[in-house]
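Undergrad: Sharing entry_1.csv here; it has CSV, C-alpha atoms and all ligand atoms.
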```csv
chain,number,residue,atom,x,y,z
A,233,MET,CA,76.3,100.2,208.6
A,234,ALA,CA,76.0,102.8,211.4
A,235,ARG,CA,73.1,105.2,211.1
A,236,PHE,CA,72.6,108.5,212.9
A,237,GLY,CA,69.8,111.1,213.2
A,238,ILE,CA,70.4,114.8,213.1
A,239,LEU,CA,68.0,117.5,214.5
A,240,THR,CA,68.1,121.3,214.7
A,241,SER,CA,66.3,122.8,217.7
A,242,GLY,CA,65.7,126.3,219.2
A,243,GLY,CA,65.9,129.5,217.2
A,244,ASP,CA,67.3,129.1,213.7
A,245,CYS,CA,70.8,130.4,213.0
A,246,PRO,CA,72.8,131.0,209.8
A,247,GLY,CA,75.2,128.1,209.4
A,248,LEU,CA,72.9,125.3,210.5
A,249,ASN,CA,72.9,123.9,206.9
A,250,ALA,CA,76.7,124.0,206.7
A,251,VAL,CA,76.8,121.8,209.9
A,252,ILE,CA,74.3,119.3,208.3
A,253,ARG,CA,76.3,119.1,205.1
A,254,GLY,CA,79.6,118.8,206.9
A,255,THR,CA,78.3,116.0,209.0
A,256,VAL,CA,76.8,114.0,206.1
A,257,LEU,CA,79.9,114.5,203.8
A,258,GLN,CA,82.4,113.5,206.5
A,259,GLY,CA,80.2,110.6,207.8
A,260,THR,CA,79.5,109.1,204.4
A,261,SER,CA,82.9,109.7,202.8
A,262,VAL,CA,85.2,108.9,205.8
A,263,HIS,CA,83.2,106.7,208.2
A,264,ASP,CA,80.7,104.9,205.9
A,265,HIS,CA,77.8,106.2,208.0
A,266,GLU,CA,74.2,106.7,207.0
A,267,TYR,CA,72.2,109.8,208.2
A,268,VAL,CA,68.6,110.8,208.6
A,269,GLY,CA,67.3,114.2,209.6
A,270,PHE,CA,64.5,114.6,212.1
A,271,ARG,CA,62.0,117.3,211.1
A,272,ASP,CA,61.3,120.3,213.3
A,273,GLY,CA,63.7,119.7,216.2
A,274,PHE,CA,62.7,117.3,219.0
A,275,LYS,CA,59.3,116.9,217.5
A,276,GLY,CA,60.7,114.8,214.7
A,277,LEU,CA,62.6,112.7,217.3
A,278,VAL,CA,59.5,112.1,219.4
A,279,TYR,CA,57.3,111.2,216.5
A,280,GLY,CA,60.0,109.4,214.4
A,281,ASP,CA,59.4,111.9,211.6
A,282,ALA,CA,62.7,111.6,209.6
A,283,MET,CA,64.0,112.2,206.1
A,284,ASP,CA,67.0,110.5,204.5
A,285,LEU,CA,70.1,112.7,204.3
A,286,ASP,CA,72.6,111.7,201.6
A,287,ARG,CA,75.1,113.6,199.5
A,288,SER,CA,72.5,114.7,197.0
A,289,VAL,CA,70.2,116.1,199.6
A,290,VAL,CA,72.9,118.3,201.2
A,291,ARG,CA,74.3,119.5,197.9
A,292,GLY,CA,74.8,123.3,197.9
A,293,ILE,CA,73.1,124.0,201.2
A,294,SER,CA,76.0,125.6,203.1
A,295,GLN,CA,75.2,129.0,201.5
A,296,GLN,CA,71.5,128.8,202.5
A,297,GLY,CA,70.2,130.3,205.7
A,298,GLY,CA,67.8,128.6,208.1
A,299,THR,CA,67.7,124.8,208.3
A,300,ILE,CA,66.5,122.3,205.7
A,301,LEU,CA,65.2,120.2,208.6
A,302,GLY,CA,63.0,122.8,210.2
A,303,THR,CA,63.3,123.7,213.9
A,304,SER,CA,61.0,124.2,216.9
A,305,ARG,CA,61.0,124.8,220.6
A,306,PHE,CA,59.1,121.5,221.1
A,307,GLY,CA,60.6,119.7,224.2
A,308,PRO,CA,61.5,116.0,224.0
A,309,TYR,CA,59.6,115.3,227.2
A,310,VAL,CA,56.4,117.0,226.2
A,311,GLU,CA,53.3,114.9,227.1
A,312,PRO,CA,51.6,112.7,225.9
A,313,ASP,CA,54.1,111.3,223.4
A,314,GLY,CA,57.5,112.6,224.6
A,315,GLY,CA,59.9,110.9,227.0
A,316,ALA,CA,62.9,108.6,226.7
A,317,ASP,CA,60.9,105.4,226.4
A,318,ASN,CA,58.9,106.5,223.4
A,319,ILE,CA,62.0,108.0,221.8
A,320,LYS,CA,63.9,104.7,222.2
A,321,VAL,CA,61.0,103.0,220.4
A,322,ALA,CA,61.2,105.5,217.5
A,323,LEU,CA,65.0,105.2,217.3
A,324,GLU,CA,64.7,101.4,217.1
A,325,ARG,CA,62.0,101.5,214.5
A,326,LEU,CA,64.2,103.8,212.3
A,327,GLY,CA,67.3,101.8,213.0
A,328,ILE,CA,69.2,104.8,214.5
A,329,ASP,CA,72.3,104.3,216.6
A,330,GLY,CA,72.6,107.8,217.9
A,331,VAL,CA,71.3,111.4,217.8
A,332,ILE,CA,73.1,114.6,216.9
A,333,ALA,CA,71.3,117.6,218.4
A,334,ILE,CA,72.3,121.0,217.0
A,335,GLY,CA,71.1,123.7,219.3
A,336,GLY,CA,71.8,126.2,222.0
A,337,ASP,CA,71.8,126.0,225.8
A,338,GLY,CA,68.2,124.7,226.0
A,339,THR,CA,68.8,122.0,223.4
A,340,MET,CA,72.0,120.9,225.3
A,341,ALA,CA,70.0,120.8,228.6
A,342,ALA,CA,67.4,118.6,226.9
A,343,ALA,CA,70.1,116.4,225.3
A,344,ASN,CA,71.8,116.0,228.7
A,345,ARG,CA,68.5,114.8,230.2
A,346,LEU,CA,68.0,112.3,227.3
A,347,LEU,CA,71.6,111.1,227.8
A,348,GLU,CA,70.8,110.4,231.5
A,349,ASP,CA,67.8,108.5,230.4
A,350,GLY,CA,69.9,106.2,228.2
A,351,ILE,CA,69.6,107.9,224.7
A,352,PRO,CA,72.9,108.0,222.8
A,353,VAL,CA,73.2,111.7,221.9
A,354,VAL,CA,75.9,114.3,221.1
A,355,GLY,CA,75.7,118.0,220.5
A,356,VAL,CA,76.7,120.9,218.2
A,357,PRO,CA,76.5,124.4,219.7
A,358,LYS,CA,74.3,126.9,217.9
A,359,THR,CA,73.3,130.5,218.8
A,360,ILE,CA,73.5,133.9,217.2
A,361,ASP,CA,73.7,135.3,220.7
A,362,ASN,CA,77.1,133.7,221.2
A,363,ASP,CA,76.3,133.1,224.9
A,364,LEU,CA,77.3,129.4,225.2
A,365,LYS,CA,80.3,129.2,227.6
A,366,ALA,CA,81.8,125.9,226.4
A,367,THR,CA,82.8,127.3,223.0
A,368,ASP,CA,84.7,130.5,222.1
A,369,TYR,CA,82.3,131.2,219.2
A,370,THR,CA,79.2,129.8,217.7
A,371,PHE,CA,78.3,130.0,214.0
A,372,GLY,CA,75.6,132.5,213.2
A,373,PHE,CA,77.0,135.2,215.5
A,374,ASN,CA,79.4,136.5,212.8
A,375,THR,CA,76.5,136.8,210.3
A,376,ALA,CA,74.3,138.5,212.8
A,377,VAL,CA,77.0,141.0,213.7
A,378,GLU,CA,77.6,141.8,210.0
A,379,ILE,CA,73.9,142.5,209.5
A,380,ALA,CA,73.6,144.6,212.7
A,381,THR,CA,76.7,146.6,211.8
A,382,GLU,CA,75.4,147.4,208.4
A,383,ALA,CA,72.1,148.4,210.0
A,384,VAL,CA,74.0,150.9,212.3
A,385,ASP,CA,75.9,152.2,209.3
A,386,ARG,CA,72.7,152.8,207.5
A,387,LEU,CA,70.9,154.4,210.4
A,388,ARG,CA,73.8,156.8,210.9
A,389,THR,CA,73.5,158.4,207.4
A,390,THR,CA,69.8,159.1,207.8
A,391,GLY,CA,70.3,160.2,211.5
A,392,ASN,CA,73.1,162.6,210.3
A,393,SER,CA,70.9,164.0,207.6
A,394,HIS,CA,68.1,164.8,210.0
A,395,LYS,CA,70.2,165.5,213.1
A,396,ARG,CA,68.3,162.9,214.9
A,397,CYS,CA,69.2,160.4,217.6
A,398,MET,CA,68.8,156.9,216.2
A,399,VAL,CA,68.3,153.8,218.5
A,400,LEU,CA,68.8,150.3,217.0
A,401,GLU,CA,67.6,147.3,219.0
A,402,VAL,CA,69.4,144.0,218.3
A,403,MET,CA,68.9,140.4,219.7
A,404,GLY,CA,70.5,139.2,222.9
A,405,ARG,CA,68.4,137.8,225.7
A,406,HIS,CA,71.0,137.3,228.4
A,407,ALA,CA,74.2,138.5,226.7
A,408,GLY,CA,74.9,141.6,224.7
A,409,TRP,CA,77.5,140.2,222.3
A,410,ILE,CA,75.7,141.3,219.1
A,411,ALA,CA,75.2,144.8,220.5
A,412,MET,CA,78.8,145.1,221.7
A,413,TYR,CA,80.4,143.9,218.4
A,414,ALA,CA,78.0,145.8,216.1
A,415,GLY,CA,78.1,148.9,218.3
A,416,VAL,CA,81.9,148.9,218.5
A,417,ALA,CA,82.3,148.1,214.8
A,418,ALA,CA,80.1,150.9,213.7
A,419,GLY,CA,81.2,153.4,216.3
A,420,ALA,CA,78.0,153.7,218.2
A,421,HIS,CA,77.9,156.5,220.9
A,422,ALA,CA,76.2,154.2,223.5
A,423,ILE,CA,75.8,150.5,223.7
A,424,LEU,CA,73.3,149.0,226.2
A,425,ILE,CA,73.5,145.4,227.1
A,426,PRO,CA,71.6,143.0,229.4
A,427,GLU,CA,74.6,142.5,231.7
A,428,GLN,CA,74.9,146.2,232.8
A,429,PRO,CA,71.8,148.4,233.6
A,430,GLU,CA,72.3,152.0,232.8
A,431,SER,CA,70.1,154.9,234.0
A,432,LEU,CA,68.1,157.1,231.7
A,433,GLU,CA,70.1,160.1,233.0
A,434,GLN,CA,73.4,158.5,232.0
A,435,ILE,CA,72.1,157.6,228.5
A,436,CYS,CA,70.8,161.1,228.0
A,437,GLU,CA,74.2,162.5,229.1
A,438,TRP,CA,75.9,160.5,226.4
A,439,VAL,CA,73.3,161.6,223.8
A,440,THR,CA,73.5,165.2,224.7
A,441,SER,CA,77.3,165.4,224.6
A,442,VAL,CA,77.2,163.9,221.1
A,443,ARG,CA,74.7,166.5,220.0
A,444,ASP,CA,76.6,169.3,221.7
A,445,ARG,CA,79.6,168.6,219.4
A,446,GLY,CA,77.4,168.7,216.4
A,447,ARG,CA,77.0,164.9,215.8
A,448,SER,CA,73.9,162.7,215.6
A,449,PRO,CA,73.8,160.3,218.5
A,450,MET,CA,73.7,156.5,217.7
A,451,VAL,CA,72.5,154.1,220.4
A,452,VAL,CA,72.6,150.3,220.1
A,453,VAL,CA,70.5,148.4,222.6
A,454,ALA,CA,70.2,144.7,223.2
A,455,GLU,CA,66.6,143.4,223.6
A,456,GLY,CA,67.5,142.1,227.1
A,457,PHE,CA,68.7,145.5,228.4
A,458,LYS,CA,67.1,146.7,231.7
A,459,PHE,CA,67.0,150.1,233.4
A,460,PRO,CA,68.2,149.9,237.0
A,461,ASP,CA,64.6,149.7,238.4
A,462,MET,CA,63.6,146.8,236.1
A,463,ASP,CA,63.6,143.2,237.4
A,464,GLU,CA,62.9,141.6,234.1
A,465,ALA,CA,63.7,142.5,230.5
A,466,HIS,CA,60.9,144.3,228.6
A,467,SER,CA,58.3,141.9,227.1
A,468,HIS,CA,54.9,142.6,225.7
A,469,LYS,CA,54.5,139.8,223.1
A,470,GLY,CA,53.5,136.9,225.3
A,471,MET,CA,55.5,133.7,225.7
A,472,ASP,CA,57.5,131.6,223.2
A,473,GLY,CA,57.1,127.8,222.5
A,474,PHE,CA,59.1,127.0,225.7
A,475,ASN,CA,57.0,129.4,227.8
A,476,ARG,CA,59.7,132.1,228.1
A,477,PRO,CA,58.8,135.8,227.7
A,478,ARG,CA,59.3,136.9,224.1
A,479,LEU,CA,61.6,139.9,224.3
A,480,GLY,CA,61.8,142.9,222.0
A,481,GLY,CA,60.5,146.5,222.1
A,482,ILE,CA,62.9,148.2,224.6
A,483,ALA,CA,64.0,150.6,221.8
A,484,GLU,CA,60.5,151.8,221.4
A,485,ILE,CA,60.4,152.6,225.1
A,486,LEU,CA,63.8,154.2,225.1
A,487,ALA,CA,63.5,156.5,222.1
A,488,PRO,CA,60.6,158.6,223.3
A,489,LEU,CA,62.2,158.9,226.7
A,490,ILE,CA,65.5,160.2,225.1
A,491,GLU,CA,63.5,162.6,223.1
A,492,GLU,CA,61.5,163.8,226.1
A,493,HIS,CA,64.6,164.3,228.3
A,494,THR,CA,67.0,165.8,225.7
A,495,GLY,CA,64.7,167.5,223.2
A,496,ILE,CA,66.5,165.6,220.4
A,497,GLU,CA,64.2,164.1,217.9
A,498,THR,CA,64.7,160.3,218.2
A,499,ARG,CA,63.7,157.3,216.2
A,500,ALA,CA,63.7,153.6,217.1
A,501,THR,CA,64.4,150.6,214.8
A,502,VAL,CA,64.0,147.0,215.9
A,503,LEU,CA,66.2,144.8,213.7
A,504,GLY,CA,64.4,141.6,214.7
A,505,HIS,CA,64.7,138.4,212.7
A,506,ILE,CA,66.5,140.1,209.8
A,507,GLN,CA,69.7,139.4,211.8
A,508,ARG,CA,68.9,135.7,212.0
A,509,GLY,CA,67.7,135.0,208.5
A,510,GLY,CA,69.5,134.8,205.1
A,511,VAL,CA,72.9,133.8,203.8
A,512,PRO,CA,75.5,132.9,206.4
A,513,SER,CA,78.9,134.7,206.2
A,514,ALA,CA,81.9,132.8,204.9
A,515,TRP,CA,83.2,132.5,208.5
A,516,ASP,CA,80.0,130.9,209.7
A,517,ARG,CA,80.0,128.5,206.8
A,518,VAL,CA,83.5,127.4,207.6
A,519,LEU,CA,82.8,127.0,211.4
A,520,GLY,CA,79.6,125.1,210.6
A,521,THR,CA,81.4,122.8,208.2
A,522,ARG,CA,84.2,122.1,210.8
A,523,PHE,CA,81.6,121.4,213.5
A,524,GLY,CA,79.7,119.1,211.2
A,525,GLN,CA,82.8,117.1,210.3
A,526,ALA,CA,83.9,117.0,213.9
A,527,VAL,CA,80.6,115.7,215.2
A,528,SER,CA,80.6,113.0,212.6
A,529,ASP,CA,84.0,111.9,214.0
A,530,LEU,CA,82.5,112.1,217.5
A,531,VAL,CA,79.6,109.7,216.7
A,532,ALA,CA,82.1,107.4,214.9
A,533,ASP,CA,83.9,107.2,218.2
A,534,ARG,CA,80.6,106.7,220.1
A,535,GLU,CA,81.6,109.5,222.6
A,536,TRP,CA,78.0,110.1,223.8
A,537,GLY,CA,77.2,113.1,226.0
A,538,LYS,CA,79.8,115.4,224.4
A,539,MET,CA,79.5,118.5,222.3
A,540,VAL,CA,82.0,119.8,219.8
A,541,ALA,CA,83.3,123.3,220.5
A,542,LEU,CA,85.8,125.9,219.2
A,543,ARG,CA,88.7,126.7,221.6
A,544,GLY,CA,91.1,129.1,220.0
A,545,THR,CA,91.5,127.7,216.5
A,546,ASP,CA,90.9,124.0,217.5
A,547,ILE,CA,87.7,122.0,217.5
A,548,VAL,CA,87.5,120.1,220.8
A,549,ARG,CA,85.1,117.7,222.5
A,550,VAL,CA,83.5,118.9,225.8
A,551,PRO,CA,81.0,117.1,228.1
A,552,PHE,CA,77.4,118.4,228.1
A,553,SER,CA,77.9,119.4,231.8
A,554,GLU,CA,80.3,122.1,230.6
A,555,ALA,CA,77.8,123.4,228.0
A,556,VAL,CA,74.7,123.5,230.2
A,557,GLY,CA,73.8,126.1,232.8
A,558,HIS,CA,76.7,128.5,232.2
A,559,THR,CA,75.9,131.7,230.2
A,560,LYS,CA,78.8,133.4,228.5
A,561,THR,CA,78.0,137.0,229.2
A,562,VAL,CA,80.0,140.1,228.1
A,563,PRO,CA,82.7,140.5,230.8
A,564,LEU,CA,82.0,143.7,232.7
A,565,GLU,CA,85.7,144.8,232.4
A,566,TYR,CA,85.3,144.7,228.6
A,567,TYR,CA,82.1,146.6,228.8
A,568,ALA,CA,83.7,149.2,231.1
A,569,GLY,CA,86.5,149.7,228.7
A,570,SER,CA,84.2,150.3,225.8
A,571,ARG,CA,81.9,152.5,228.0
A,572,ALA,CA,84.8,154.8,228.7
A,573,ILE,CA,84.6,156.2,225.2
A,574,PHE,CA,80.8,156.4,224.9
A,575,GLY,CA,79.2,159.8,224.3
B,1,LIG,N1,66.2,122.0,231.0
B,1,LIG,C1,65.6,121.5,229.9
B,1,LIG,N2,65.1,120.2,230.0
B,1,LIG,C2,64.5,119.7,228.9
B,1,LIG,N3,64.2,120.3,227.8
B,1,LIG,C3,64.7,121.6,227.7
B,1,LIG,C4,65.4,122.2,228.7
B,1,LIG,N4,65.7,123.5,228.3
B,1,LIG,C5,65.2,123.6,227.1
B,1,LIG,N5,64.6,122.5,226.7
B,1,LIG,C6,64.0,122.2,225.4
B,1,LIG,O1,64.9,122.5,224.3
B,1,LIG,C7,64.3,123.5,223.4
B,1,LIG,C8,65.3,124.4,222.9
B,1,LIG,O2,65.8,125.3,223.8
B,1,LIG,P1,65.8,126.8,223.5
B,1,LIG,O3,66.4,127.5,224.7
B,1,LIG,O4,64.5,127.3,223.0
B,1,LIG,O5,66.7,126.9,222.3
B,1,LIG,P2,68.3,126.8,222.2
B,1,LIG,O6,68.6,125.4,222.3
B,1,LIG,O7,68.6,127.4,220.9
B,1,LIG,O8,68.8,127.5,223.4
B,1,LIG,C9,63.3,124.2,224.3
B,1,LIG,O9,62.3,124.9,223.5
B,1,LIG,C10,62.8,123.1,225.2
B,1,LIG,O10,61.8,122.4,224.5
B,2,LIG,O1,61.5,135.0,217.9
B,2,LIG,P1,62.1,133.8,218.5
B,2,LIG,O2,62.2,132.6,217.6
B,2,LIG,O3,61.3,133.4,219.7
B,2,LIG,O4,63.6,134.1,218.9
B,2,LIG,C1,64.0,135.2,219.7
B,2,LIG,C2,65.2,134.8,220.5
B,2,LIG,O5,66.1,134.1,219.7
B,2,LIG,C3,67.4,134.3,220.3
B,2,LIG,O6,68.2,134.6,219.2
B,2,LIG,C4,68.0,133.1,221.0
B,2,LIG,O7,67.4,132.0,220.6
B,2,LIG,P2,67.3,130.6,221.6
B,2,LIG,O8,66.4,130.9,222.6
B,2,LIG,O9,66.9,129.6,220.6
B,2,LIG,O10,68.7,130.4,222.1
B,2,LIG,C5,67.3,135.5,221.2
B,2,LIG,O11,68.2,136.5,221.0
B,2,LIG,C6,65.9,136.0,221.0
B,2,LIG,O12,65.3,136.4,222.2
B,3,MG,MG,68.4,129.2,224.5
```
What is this file in structure tokens?
TA:
Amino acid sequence: MARFGILTSGGDCPGLNAVIRGTVLQGTSVHDHEYVGFRDGFKGLVYGDAMDLDRSVVRGISQQGGTILGTSRFGPYVEPDGGADNIKVALERLGIDGVIAIGGDGTMAAANRLLEDGIPVVGVPKTIDNDLKATDYTFGFNTAVEIATEAVDRLRTTGNSHKRCMVLEVMGRHAGWIAMYAGVAAGAHAILIPEQPESLEQICEWVTSVRDRGRSPMVVVAEGFKFPDMDEAHSHKGMDGFNRPRLGGIAEILAPLIEEHTGIETRATVLGHIQRGGVPSAWDRVLGTRFGQAVSDLVADREWGKMVALRGTDIVRVPFSEAVGHTKTVPLEYYAGSRAIFG
């Protein structure tokens, strides 16, 4: 009987458990597969730390946030125990025929390297940032947008009551999709994204024009937003597990600047991990389940080096090369169109 190992890697994302369940149900019911789950991302793969995944283990997990397998930013080539040769030994010991890596751009880059080193591996795209180019949407994004939209709605009522300017910071390292969708959905007066620097003067002009017609300004800013004179996004929290700067905090810089330059009392809120945790939306559960079923079919066909993806309404198979190294940013024409009605 064919046996496959699943891992979840990188930042967690609502819908990961729906993928795990969809894979196991399709694989056991349709293809007669067996599955195990590697704990804590590539760490479990490197150390052969795995748990059996059968129908009873995945019962009812689609509606749970996070991942029952745990996740990490541990790299599969991390010394002294990482590397393809050690991983091959672990796979052989566990009797595993192939690996399903659920993750974002970094995970797909790592999976691609493992493939080149002879490990049979396929991928499932995951990111709340929705910045993977090879797929139209990733699960988790819809949930994050719902949470961020509700946050804007809530900030507006308190902002209106006090006649304050409210600034909400959402996630988005390289791409401002969450900021754009939540900002447009909730009718924010300015949306600031990593793709398009905006000057403080311009932001204050929007804020002032809102105030001048008797409204309370609402600004949504992505964590990766930069003023024109910034080379890198604001970071003051050190590095993450993969040695990248941890972002967050630009709203705390922006709010006092707006207050100083406009005279409007301004408050900042950083939404943080609330937008990544908790129950996935119905849409994300459906996409996660479809991805899971499709990746089970993919390993049944032994099409290594491919990732499942959503194109229009279809689930397709794309090579890792299409998934790696291309960030899906907000098109500047779309931003410009939205920007025309800021203020
Ligand atoms: N180019 C790469 N080569 C090998 N491993 C990588 C590469 N890029 C990322 N990784 C590993 O994959 C992990 C997951 O990537 P990361 O960007 O953190 O999350 P995500 O997969 O969600 O984008 C990283 O923490 C790192 O250990
Ligand atoms: O606090 P953490 O886990 O480092 O995650 C923060 C990052 O997670 C993200 O959602 C993206 O995660 P990945 O790096 O795993 O793709 C970013 O928006 C954010 O910068
Ligand atoms: Mg990433």
Undergrad: Taking all atoms listed in the file and a cut-off of 10 Å, can you tell me which residues surround ligand MG 3 (chain B), written as a ChimeraX atom specification?
TA: /A:241-243,305,335-341,358-359,361,363-364,405-406,474,476,559
Undergrad: Provide the CA of Asp329 (chain A) to CA of Val531 (chain A) distance in Å, to one decimal place.
TA: 9.1 Å
Undergrad: Env of His468 (chain A): 9 Å cut, atoms = all atoms listed in the file, seq-sep filter 5 positions within chain, self excluded. Answer as a list in words.
TA: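 Once the nearby chain positions are removed, what remains is Pro477, Arg478, Leu479, Gly480 and Gly481 of chain A.
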Undergrad: Kindly indicate which residue among A:Glu464, A:Met398, A:Leu277, A:Gly446 lies nearest to Arg386 (chain A), using all atoms listed in the file for the distances.
TA: A:Met398
Undergrad: State, in Å with one decimal place, the distance from CA of Ser304 (chain A) to CA of Gly273 (chain A).
TA: 5.3 Å
Undergrad: Using only C-alpha atoms, can you tell me which of A:Ser570, A:Thr390, A:Gln296, A:Thr375 comes closest to Asn362 (chain A)?
TA: A:Thr375
Undergrad: So which residues touch Thr240 (chain A) within 8 Å, counting all atoms listed in the file, skipping near sequence neighbours fewer than 5 positions away, as a compact mmCIF listing (two decimals) with C-alpha atoms, in the coordinates of the input?
TA:
```txt
# COMPACT_ATOMS: atom_id res chain seq x y z
CA LEU A 248 72.90 125.30 210.50
CA ASP A 272 61.30 120.30 213.30
CA GLY A 273 63.70 119.70 216.20
CA PHE A 274 62.70 117.30 219.00
CA THR A 299 67.70 124.80 208.30
CA LEU A 301 65.20 120.20 208.60
CA GLY A 302 63.00 122.80 210.20
CA THR A 303 63.30 123.70 213.90
CA SER A 304 61.00 124.20 216.90
CA ALA A 333 71.30 117.60 218.40
CA ILE A 334 72.30 121.00 217.00
CA GLY A 335 71.10 123.70 219.30
```
Undergrad: One decimal, Å: what's the distance from CA of Arg517 (chain A) over to CA of Asn374 (chain A), could you say?
TA: 10.0 Å
Undergrad: Using only C-alpha atoms, determine which residues lie at most 8 Å from Arg396 (chain A), disregarding the query and same-chain residues fewer than 2 positions distant; provide the list as a ChimeraX atom specification.
TA: /A:391-394,398,448-449,496-499
Undergrad: From the options A:Ala342, A:Cys436, A:Leu400, A:Val353, which residue's atoms come nearest to Gly237 (chain A), counting all atoms listed in the file?
TA: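 Among the listed residues, the smallest separation from Gly237 (chain A) belongs to A:Val353.
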Undergrad: Fewer than 3 positions away in the same chain doesn't count, so skip those; otherwise give me all residues within 6 Å of Met450 (chain A), counting all atoms listed in the file, as number ranges by chain.
TA: A: 397-398, 420-421
Undergrad: Between A:Glu484, A:Ala568, A:Lys560, A:Ala541, which is the closest to Thr367 (chain A) once you count all atoms listed in the file?
TA: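 Nearest to Thr367 (chain A): A:Ala541.
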Undergrad: Which is closer to Val251 (chain A) than all the others in A:Arg345, A:Arg445, A:Arg522, A:Lys469, using all atoms listed in the file?
TA: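 Ranked by minimum distance to Val251 (chain A), first place goes to A:Arg522.
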Undergrad: Which residue gives the smallest distance to ligand LIG 2 (chain B) among A:Leu257, A:Leu503, A:Ile300, A:Ile351, with only C-alpha atoms and all ligand atoms counted?
TA: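 The shortest atom-to-atom distance to ligand LIG 2 (chain B) comes from A:Leu503.
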Undergrad: Mind listing whatever residues come within 12 Å of the point (66.6, 103.1, 222.8)? Use all atoms listed in the file, file coordinates, and give them as a list in words.
TA: Leu277, Val278, Gly315, Ala316, Asp317, Asn318, Ile319, Lys320, Val321, Ala322, Leu323, Glu324, Arg325, Leu326, Gly327, Ile328, Asp329, Gly330, Val331, Leu346, Leu347, Asp349, Gly350, Ile351, Pro352 and Val353 of chain A
Undergrad: Would you kindly return, as a count of residues only, each protein, DNA or RNA residue with an atom no farther than 10 Å from any atom of Leu486 (chain A), considering all atoms listed in the file and excluding same-chain residues fewer than 3 positions away?
TA: 17
Undergrad: Could you add whatever atoms are missing so that region 501-505 of chain A carries all heavy atoms, then write the result as a tab-separated table (two decimals), keeping the file's coordinate frame?
TA:
```
chain	number	residue	atom	x	y	z
A	501	THR	N	64.53	151.70	215.79
A	501	THR	CA	64.40	150.60	214.80
A	501	THR	C	64.69	149.30	215.52
A	501	THR	O	65.67	149.18	216.26
A	501	THR	CB	65.50	150.79	213.69
A	501	THR	OG1	65.30	152.05	213.06
A	501	THR	CG2	65.41	149.68	212.66
A	502	VAL	N	63.81	148.34	215.31
A	502	VAL	CA	64.00	147.00	215.90
A	502	VAL	C	64.44	146.09	214.73
A	502	VAL	O	63.68	145.87	213.80
A	502	VAL	CB	62.73	146.49	216.56
A	502	VAL	CG1	62.97	145.09	217.13
A	502	VAL	CG2	62.29	147.45	217.66
A	503	LEU	N	65.67	145.58	214.81
A	503	LEU	CA	66.20	144.80	213.70
A	503	LEU	C	65.53	143.44	213.58
A	503	LEU	O	65.29	142.94	212.48
A	503	LEU	CB	67.73	144.63	213.87
A	503	LEU	CG	68.50	144.09	212.69
A	503	LEU	CD1	68.27	144.91	211.43
A	503	LEU	CD2	69.99	144.04	213.01
A	504	GLY	N	65.21	142.82	214.69
A	504	GLY	CA	64.40	141.60	214.70
A	504	GLY	C	65.06	140.44	213.91
A	504	GLY	O	66.28	140.28	213.90
A	505	HIS	N	64.22	139.67	213.25
A	505	HIS	CA	64.70	138.40	212.70
A	505	HIS	C	65.51	138.59	211.40
A	505	HIS	O	66.06	137.60	210.89
A	505	HIS	CB	63.49	137.49	212.42
A	505	HIS	CG	62.87	137.06	213.71
A	505	HIS	ND1	61.97	137.84	214.39
A	505	HIS	CD2	63.06	135.96	214.47
A	505	HIS	CE1	61.61	137.23	215.50
A	505	HIS	NE2	62.25	136.10	215.58
```
